[in-house]
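K.L.:
Let me give you the structure first, and then I'll get to my questions.
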Amino acid sequence: MPPILELKGITKRFPGVLANDHIDISLNKGEILALLGENGAGKTTLMNILYGLYKPDEGEIFINGEKKEIKSSIDAIRSGIGMVHQHFMLIPVFTVTENVMLGEEDTHMGGFLDREKAAEKIREISDLYKLNVNPDDMVEDLPIGLQQRVEIIKLLFRNADILIMDEPTAVLTPQEVDELFAILKKLVQQGKSIIFITHKLREVMECADRIEVIRLGKVVGETTPKDATPEKLASMMVGRAVELKTQKKPSEPKDVVLSVKDLTVTDMHSRLVLDTVSLEVRSGEILGIAGVQGNGQTELVRALTGLKTARSGTITFLNKVVTKSSPRKITELGSAHIPEDRQKDGLVLKNSVEDNLVLNTYYLPPFAKGIILQRMAIDENARKLVEAFDIRTPDIFTPTYALSGGNQQKVIVAREFSRPIKLLIAAQPTRGLDVGSIEYIHNRIVEKRDEGCAVLLVSTELDEIMQLSDRIAVMYRGKIIATVNASDVTKEELGLLMAGVMPEIQKKKEVIGQTRELVT
Amino acid sequence: MNKETTGQEKRNFLSIFYEELSKSSITIIILSIVSGFIMGGILVIVTSPEVYKAFAVSFGEGLATSWKMVANTYSSLFLGAFGDPAKISAAIKSGDNAKILSAFGPFFESLVVTTPYLFTGVAVALGFRAGVFNIGAEGQLQVGSIAAAWAGWTFTGLSPWIHIPLALLCGALAGGLWGFIPGWLKVKTGAHEVITTIMMNYIGYYLIYYLVAVPFKDPNEVVPKTPWILESAHLPRFFPEPIRFHLGFFIAIGIAFLIWFLLFKTTWGYEIRSVGINMNASKYAGMNITVITVVGMALSGAIAGLGGASEIMGVYWRQSQALSTGYGFDSIALALLAQNHPLGVILTALLFGFLRSGSKVMQLRAGIPIYIINILQAFIILFLAAPAIIRTIYRLKKPSIKDLPISSTTSLSEKK
């Protein structure tokens, strides 16, 4: 039996870049094939060719042994190929049924939508693959994990046999990832075939049947999880040996730099999003804030950086009360902030790299004399930082939107680290970045700690928290429910804490700080 | 209580529209202008009865007449805007100063028409840079003109060195106030400036209607008009009557350069541009969004107000009731055409000014209605807003920066 999908010699050139260089890949029926590679390795280009969005310069596509020309996504769907994009293509104010029907509307009685029939089919699909989706729910009310399942249903509804998942776990919580993997397993059991695009090693090891590693537009190796180790995969991906574990010395905490007491923050609708949070960060230590996305971490960071006014409580930074201070005041005191959403908060994307490198210092000498900007100084600063932080950009005048995610993040890191700082607040500092960039940014953060900076690290990635933190505080529903020493806790225990489950660890191990009773 | 909501507006159609425009390249701009003229020509052809008659005779005749109509339209537009080249060269040969001036008359008149476009164009461009869509330039221009007129006849016995700046200042203050109010409302209540500036246009319009009819009415006139402004408040004209070319043109050019300097060479301009592009990142960087938005809007209004003052002090010398100019609305188009660059505005204001000025002669000589120019301008903007059309017609390649998978850290190893 021929493989269900075969790509032969696919080549795609963009001006100046060979994105895909004679790629040969085949997918067997009923298997999960992981396509592993760093950002910019050519994974997405390849899948866009398969999905008819790009036309290959060379190469052929075979489906069930039959040569096919895929010129558009419609051709792809007809050939049984479906794609779940990284960013969902759903209409929030429509129900699940309406979203799924879109473009495939069944009608009855001369033009009326047959919602019932579609809903019935959705229920069948949902039951068959244990997706647990209610066709009548409004999409905007669903958690992200369920929205993703709606995307999967859309494909199954159109009878897709080959599912392409583009970085499907980027937006999911650890629990949701596990659930997704269970669903994928179920799908292949029922005879579907899946291509899973990712740059995360753990996921590949966990759910793939076979792994193809792509680097610089070429297939550089094929393996199976049985034969591979994360270290081996990482070095295949990057092309050199990679330290997956950040090397760091034991911390030497000194004076308290940041102290937060009973901080309470409400949202626009006066709902409590941060509930009497207290914490301390000392110079020379990294305090990790673990938690599932949306449990108050965002608000905590916004309150600490002056972007959101606290309802009550006090924030003390270097012995000064800054609860009501403006972002500029807090920055000037020596606080640096790597924001959670680099494109929304951290960069003015349309502006050049050099302008973004002085985003919060443009008004200070040497960058300004009075109100006159000093271009020479700004240029020189940019050239220096681009060199020192290895920012890959054609030149310093390039708008930052043209940079890759990793390099955008480096612009922010360069800007924040190039000032004398006492406190670093890093929110999701490596979200969406590839192994090389993650390694780089982790090392820089540890370096800052060793220089005596106090670091508050907020991340939803357990691995990141475990690797970098000296102490870990877990947030759940706006509260810090436990603070533990990083060396005393296992990943499983942390995972449970993040889900709001208070395991036996408080009896087993020393729990620093107070543990609050949970209202569940 | 800080307002989370103002900073996180959803992208509305305006911001998408604006973004699309700002991405267009110089090629697209020039091709849009060319295409606008072509569409205008087609419109002239299909609306002329002569063409249909000629086509009834024969196809060749029809084509010839069409060509003649279009050529005639655009040549009279050119004559009206720049003057008659034959006349100019004859006048220069004769060496008679008066003749030379009169031959250059249309050219100078076009510069006079360009002047208010310069002010309002820079005003709207500045607004866009600060992230506010100032549709109120029309109203700001009008209140600026009445304020300057009032200062022009009220203060007596001043030397022009004091009177002229004073009257200009009054115009700028009035326009600035008309801009400040929507800016303040936007920041304090979240009221969208598009709505409020349109409202302010009406308030300004009817306020002038009232002022000219009642308190400021010149008792010697039947039709409501204000008194003449004093000579000490006249902006100097460079040539004898009837050429109206006045100092306002150079003030406007000066303002354009000043705003360019402000936007691109100062920390204030850095803040204005940052806030205009990304409010969240600006807040993160510690900028005061509230102040920057309000100041941006007020400054934009003040420049439009100056435009009104320059019209009264340089051209009309008194305000009549219905001074509906349309300058304020055209200036939105020309600011977009200039990609909100103050120096680009100089070019597009000249284009619009010469078109508007030439269209009068075009109507007289070729019998083509002035409105064809508005349609032509509309086509230019339409093509700019939908660059895909231009790219398809002229087979331009799409800027491919987004399609490019930029290698980032993949080549780390190579460097080492």
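Here's how to read the names in the structure tokens: chain A, B, ... by the order shown, residue numbers from 1 in each chain, ligand numbers from 1 in the order shown.
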Enumerate as a ChimeraX atom specification all residues of region 14-241 of chain A assigned to strand (DSSP E or B) by DSSP on the backbone, naming them with the chain letters and numbers the document uses.

P.N.:
/A:14,17-27,32-36,58-63,66-68,81-84,95,107-108,112-113,138,162-166,193-198,210-215,218-223

K.L.:
Might you pull out every residue within 12 Å of Asp227 (chain A), with only C-alpha atoms counted and same-chain residues fewer than 5 positions away left off, and present them as a PyMOL selection string?

P.N.:
chain A and resi 205+209-211+222+232-233

K.L.:
With C-alpha atoms retained, export the selected residues as an mmCIF file, in the first residue's frame.

P.N.:
data_model
loop_
_atom_site.group_PDB
_atom_site.id
_atom_site.type_symbol
_atom_site.label_atom_id
_atom_site.label_comp_id
_atom_site.auth_asym_id
_atom_site.auth_seq_id
_atom_site.Cartn_x
_atom_site.Cartn_y
_atom_site.Cartn_z
ATOM 1 C CA MET A 205 8.782 12.657 22.250
ATOM 2 C CA ASP A 209 5.112 7.953 15.802
ATOM 3 C CA ARG A 210 7.837 9.240 13.549
ATOM 4 C CA ILE A 211 9.897 12.432 13.493
ATOM 5 C CA GLU A 222 14.380 10.977 10.455
ATOM 6 C CA LYS A 232 19.876 14.528 20.126
ATOM 7 C CA LEU A 233 16.787 16.099 18.582
#

K.L.:
With distances taken over only C-alpha atoms, which residue among B:Gly286, B:Gly83, B:Gly183, B:Pro369 lies nearest Leu359 (chain A)?

P.N.:
B:Gly286

K.L.:
Dump as a VMD selection string the residues of chain A that approach chain B to within 7 Å, counting only C-alpha atoms.

P.N.:
chain A and resid 14 38 40 216 238 to 240 307 309 327 to 328 344 to 348 359 to 360 362 to 363 371 to 373 392 402 404 406 to 407 436 to 437

K.L.:
Produce a file of the selected residues containing N, CA and C atoms, as a PDB file, in the first residue's frame.

P.N.:
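In the end it all went to out_2.pdb:
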ATOM      1  N   PHE A  14      12.207  31.858  -2.111  1.00  0.00           N
ATOM      2  CA  PHE A  14      11.783  33.244  -1.986  1.00  0.00           C
ATOM      3  C   PHE A  14      12.989  34.073  -2.348  1.00  0.00           C
ATOM      4  N   GLU A  38      13.206  24.571  13.852  1.00  0.00           N
ATOM      5  CA  GLU A  38      13.132  25.877  14.483  1.00  0.00           C
ATOM      6  C   GLU A  38      12.260  26.814  13.658  1.00  0.00           C
ATOM      7  N   GLY A  40      11.413  29.398  11.131  1.00  0.00           N
ATOM      8  CA  GLY A  40      12.164  29.801   9.951  1.00  0.00           C
ATOM      9  C   GLY A  40      12.882  28.656   9.279  1.00  0.00           C
ATOM     10  N   LEU A 216      17.060  24.660   7.989  1.00  0.00           N
ATOM     11  CA  LEU A 216      17.415  25.499   6.841  1.00  0.00           C
ATOM     12  C   LEU A 216      16.813  24.970   5.543  1.00  0.00           C
ATOM     13  N   VAL A 238      19.181  22.371  15.635  1.00  0.00           N
ATOM     14  CA  VAL A 238      19.952  23.605  15.655  1.00  0.00           C
ATOM     15  C   VAL A 238      21.253  23.449  14.880  1.00  0.00           C
ATOM     16  N   GLY A 239      21.730  22.221  14.763  1.00  0.00           N
ATOM     17  CA  GLY A 239      22.943  22.008  14.004  1.00  0.00           C
ATOM     18  C   GLY A 239      24.196  22.101  14.856  1.00  0.00           C
ATOM     19  N   ARG A 240      24.009  22.104  16.151  1.00  0.00           N
ATOM     20  CA  ARG A 240      25.149  22.100  17.071  1.00  0.00           C
ATOM     21  C   ARG A 240      24.632  21.574  18.396  1.00  0.00           C
ATOM     22  N   LEU A 307       1.187  49.820  35.109  1.00  0.00           N
ATOM     23  CA  LEU A 307       0.242  49.903  33.992  1.00  0.00           C
ATOM     24  C   LEU A 307      -1.198  49.720  34.451  1.00  0.00           C
ATOM     25  N   THR A 309      -3.740  50.220  38.062  1.00  0.00           N
ATOM     26  CA  THR A 309      -3.779  50.728  39.420  1.00  0.00           C
ATOM     27  C   THR A 309      -4.354  49.661  40.350  1.00  0.00           C
ATOM     28  N   PRO A 327       4.345  54.251  35.148  1.00  0.00           N
ATOM     29  CA  PRO A 327       5.315  53.327  34.574  1.00  0.00           C
ATOM     30  C   PRO A 327       6.698  53.967  34.451  1.00  0.00           C
ATOM     31  N   ARG A 328       6.723  55.254  34.054  1.00  0.00           N
ATOM     32  CA  ARG A 328       8.022  55.903  33.860  1.00  0.00           C
ATOM     33  C   ARG A 328       8.796  56.002  35.163  1.00  0.00           C
ATOM     34  N   LYS A 344       2.354  43.617  21.198  1.00  0.00           N
ATOM     35  CA  LYS A 344       1.369  44.611  21.608  1.00  0.00           C
ATOM     36  C   LYS A 344       1.979  45.649  22.542  1.00  0.00           C
ATOM     37  N   ASP A 345       2.736  45.173  23.526  1.00  0.00           N
ATOM     38  CA  ASP A 345       3.231  46.094  24.548  1.00  0.00           C
ATOM     39  C   ASP A 345       4.706  46.447  24.391  1.00  0.00           C
ATOM     40  N   GLY A 346       5.475  45.526  23.860  1.00  0.00           N
ATOM     41  CA  GLY A 346       6.912  45.697  23.949  1.00  0.00           C
ATOM     42  C   GLY A 346       7.559  46.459  22.815  1.00  0.00           C
ATOM     43  N   LEU A 347       6.893  46.499  21.671  1.00  0.00           N
ATOM     44  CA  LEU A 347       7.516  47.111  20.504  1.00  0.00           C
ATOM     45  C   LEU A 347       6.524  47.994  19.770  1.00  0.00           C
ATOM     46  N   VAL A 348       7.055  49.039  19.143  1.00  0.00           N
ATOM     47  CA  VAL A 348       6.253  49.777  18.173  1.00  0.00           C
ATOM     48  C   VAL A 348       6.664  49.187  16.828  1.00  0.00           C
ATOM     49  N   LEU A 359      13.033  52.893  23.265  1.00  0.00           N
ATOM     50  CA  LEU A 359      11.612  53.166  23.503  1.00  0.00           C
ATOM     51  C   LEU A 359      11.337  53.786  24.866  1.00  0.00           C
ATOM     52  N   ASN A 360      12.090  53.412  25.891  1.00  0.00           N
ATOM     53  CA  ASN A 360      11.824  54.048  27.176  1.00  0.00           C
ATOM     54  C   ASN A 360      12.982  54.893  27.699  1.00  0.00           C
ATOM     55  N   TYR A 362      14.402  57.331  25.283  1.00  0.00           N
ATOM     56  CA  TYR A 362      14.596  58.305  24.197  1.00  0.00           C
ATOM     57  C   TYR A 362      14.723  59.743  24.701  1.00  0.00           C
ATOM     58  N   TYR A 363      14.169  60.013  25.876  1.00  0.00           N
ATOM     59  CA  TYR A 363      14.127  61.399  26.355  1.00  0.00           C
ATOM     60  C   TYR A 363      15.322  61.746  27.250  1.00  0.00           C
ATOM     61  N   ILE A 371      14.724  68.823  23.964  1.00  0.00           N
ATOM     62  CA  ILE A 371      13.729  68.018  23.260  1.00  0.00           C
ATOM     63  C   ILE A 371      14.260  67.533  21.914  1.00  0.00           C
ATOM     64  N   ILE A 372      15.500  67.824  21.602  1.00  0.00           N
ATOM     65  CA  ILE A 372      16.024  67.418  20.299  1.00  0.00           C
ATOM     66  C   ILE A 372      16.637  66.015  20.381  1.00  0.00           C
ATOM     67  N   LEU A 373      16.136  65.124  19.527  1.00  0.00           N
ATOM     68  CA  LEU A 373      16.675  63.769  19.501  1.00  0.00           C
ATOM     69  C   LEU A 373      18.089  63.792  18.925  1.00  0.00           C
ATOM     70  N   ARG A 392      19.500  39.560  14.781  1.00  0.00           N
ATOM     71  CA  ARG A 392      19.628  39.345  13.340  1.00  0.00           C
ATOM     72  C   ARG A 392      18.689  40.275  12.591  1.00  0.00           C
ATOM     73  N   ALA A 402       9.512  43.231  10.586  1.00  0.00           N
ATOM     74  CA  ALA A 402      10.171  42.365   9.613  1.00  0.00           C
ATOM     75  C   ALA A 402      11.108  41.361  10.275  1.00  0.00           C
ATOM     76  N   SER A 404      12.149  38.214  12.926  1.00  0.00           N
ATOM     77  CA  SER A 404      11.512  37.009  13.449  1.00  0.00           C
ATOM     78  C   SER A 404      11.183  37.232  14.923  1.00  0.00           C
ATOM     79  N   GLY A 406      12.020  35.641  17.566  1.00  0.00           N
ATOM     80  CA  GLY A 406      13.170  35.553  18.451  1.00  0.00           C
ATOM     81  C   GLY A 406      13.972  36.836  18.450  1.00  0.00           C
ATOM     82  N   ASN A 407      14.122  37.415  17.275  1.00  0.00           N
ATOM     83  CA  ASN A 407      14.903  38.647  17.188  1.00  0.00           C
ATOM     84  C   ASN A 407      14.134  39.840  17.723  1.00  0.00           C
ATOM     85  N   GLY A 436      17.121  27.706  20.124  1.00  0.00           N
ATOM     86  CA  GLY A 436      18.313  28.553  20.180  1.00  0.00           C
ATOM     87  C   GLY A 436      18.062  29.839  20.932  1.00  0.00           C
ATOM     88  N   SER A 437      16.951  30.496  20.613  1.00  0.00           N
ATOM     89  CA  SER A 437      16.639  31.768  21.267  1.00  0.00           C
ATOM     90  C   SER A 437      16.324  31.566  22.740  1.00  0.00           C
TER      91      SER A 437
END

K.L.:
Using only C-alpha atoms, find the one residue out of B:Leu343, B:Val143, B:Leu334, B:Leu364 that sits nearest to Ile33 (chain B).

P.N.:
B:Leu334

K.L.:
Using only C-alpha atoms, which protein or nucleic acid residues come within 12 Å of Glu447 (chain A)? Drop anything in the same chain fewer than 5 positions from it, and give the result as a VMD selection string.

P.N.:
chain A and resid 246 to 249 251 284 to 286 417 424 440 to 442 452 to 455 468

K.L.:
Convert the current residue selection to file output with C-alpha atoms, as an mmCIF file, in the first residue's frame.

P.N.:
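Result went into again.cif, see below:
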data_model
loop_
_atom_site.group_PDB
_atom_site.id
_atom_site.type_symbol
_atom_site.label_atom_id
_atom_site.label_comp_id
_atom_site.auth_asym_id
_atom_site.auth_seq_id
_atom_site.Cartn_x
_atom_site.Cartn_y
_atom_site.Cartn_z
ATOM 1 C CA THR A 246 20.463 26.163 31.837
ATOM 2 C CA GLN A 247 23.584 25.982 33.941
ATOM 3 C CA LYS A 248 23.394 28.064 37.057
ATOM 4 C CA LYS A 249 25.050 28.340 40.409
ATOM 5 C CA SER A 251 21.476 31.588 44.289
ATOM 6 C CA GLY A 284 20.364 37.738 43.309
ATOM 7 C CA GLU A 285 17.409 35.374 43.140
ATOM 8 C CA ILE A 286 14.807 34.377 40.598
ATOM 9 C CA PHE A 417 19.231 44.834 29.909
ATOM 10 C CA LEU A 424 13.751 42.413 36.141
ATOM 11 C CA TYR A 440 20.103 32.488 24.773
ATOM 12 C CA ILE A 441 17.462 34.376 26.728
ATOM 13 C CA HIS A 442 17.592 31.962 29.658
ATOM 14 C CA GLY A 452 22.763 40.918 41.703
ATOM 15 C CA CYS A 453 19.513 41.757 39.981
ATOM 16 C CA ALA A 454 16.227 40.603 41.486
ATOM 17 C CA VAL A 455 14.230 38.640 38.926
ATOM 18 C CA LEU A 468 15.321 29.078 36.037
#

K.L.:
DSSP on the backbone, helix (DSSP H, G or I) only: what residues of region 183-379 of chain A does that give? Format it as a PyMOL selection string.

P.N.:
chain A and resi 183-189+201-207+230-238+297-304+327-332+342-346+353-356+375-379

K.L.:
For Glu109 (chain B), which residue among B:His246, B:Arg391, B:His341, B:Lys188 is the nearest when counting only C-alpha atoms?

P.N.:
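Distance minimum relative to Glu109 (chain B) lands on B:His246.
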
K.L.:
Can you pull out every residue within 10 Å of Gln409 (chain A), counting only C-alpha atoms, but drop anything in the same chain fewer than 4 positions away, and send it as a list in words?

P.N.:
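Once the adjacent positions are removed, what remains is Ile338, Pro339, Asp341, Arg342, Gln343, Gly346, Leu347, Ile391, Leu403, Ser404, Gly405, Val413, Ala414, Arg415, Pro429, Thr430, Arg431, Leu433, Ser437 and Ile441 of chain A.
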
K.L.:
Generate a file of the selected residues that holds C-alpha atoms, formatted as a PDB file, in the first residue's frame.

P.N.:
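Full text of result_30.pdb as output:
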ATOM      1  CA  ILE A 338       9.881  42.137  29.396  1.00  0.00           C
ATOM      2  CA  PRO A 339       6.181  42.223  28.589  1.00  0.00           C
ATOM      3  CA  ASP A 341       2.888  40.265  24.572  1.00  0.00           C
ATOM      4  CA  ARG A 342       5.958  41.607  22.828  1.00  0.00           C
ATOM      5  CA  GLN A 343       4.115  42.828  19.743  1.00  0.00           C
ATOM      6  CA  GLY A 346       6.912  45.697  23.949  1.00  0.00           C
ATOM      7  CA  LEU A 347       7.516  47.111  20.504  1.00  0.00           C
ATOM      8  CA  ILE A 391      20.040  40.643  16.880  1.00  0.00           C
ATOM      9  CA  LEU A 403      12.172  40.545  12.287  1.00  0.00           C
ATOM     10  CA  SER A 404      11.512  37.009  13.449  1.00  0.00           C
ATOM     11  CA  GLY A 405       9.886  36.518  16.844  1.00  0.00           C
ATOM     12  CA  VAL A 413      15.889  42.112  26.027  1.00  0.00           C
ATOM     13  CA  ALA A 414      18.695  44.274  24.661  1.00  0.00           C
ATOM     14  CA  ARG A 415      16.789  47.447  25.480  1.00  0.00           C
ATOM     15  CA  PRO A 429      10.088  35.763  28.036  1.00  0.00           C
ATOM     16  CA  THR A 430      10.430  32.854  25.616  1.00  0.00           C
ATOM     17  CA  ARG A 431       6.865  32.356  24.411  1.00  0.00           C
ATOM     18  CA  LEU A 433      10.616  31.147  20.489  1.00  0.00           C
ATOM     19  CA  SER A 437      16.639  31.768  21.267  1.00  0.00           C
ATOM     20  CA  ILE A 441      17.462  34.376  26.728  1.00  0.00           C
TER      21      ILE A 441
END

K.L.:
With only C-alpha atoms as the counted atoms, please give the residues lying no more than 12 Å from region 185-187 of chain B, apart from itself and same-chain residues fewer than 5 positions off, as number ranges by chain.

P.N.:
B: 2-7, 131-134, 178-180, 192-197, 200, 288-298
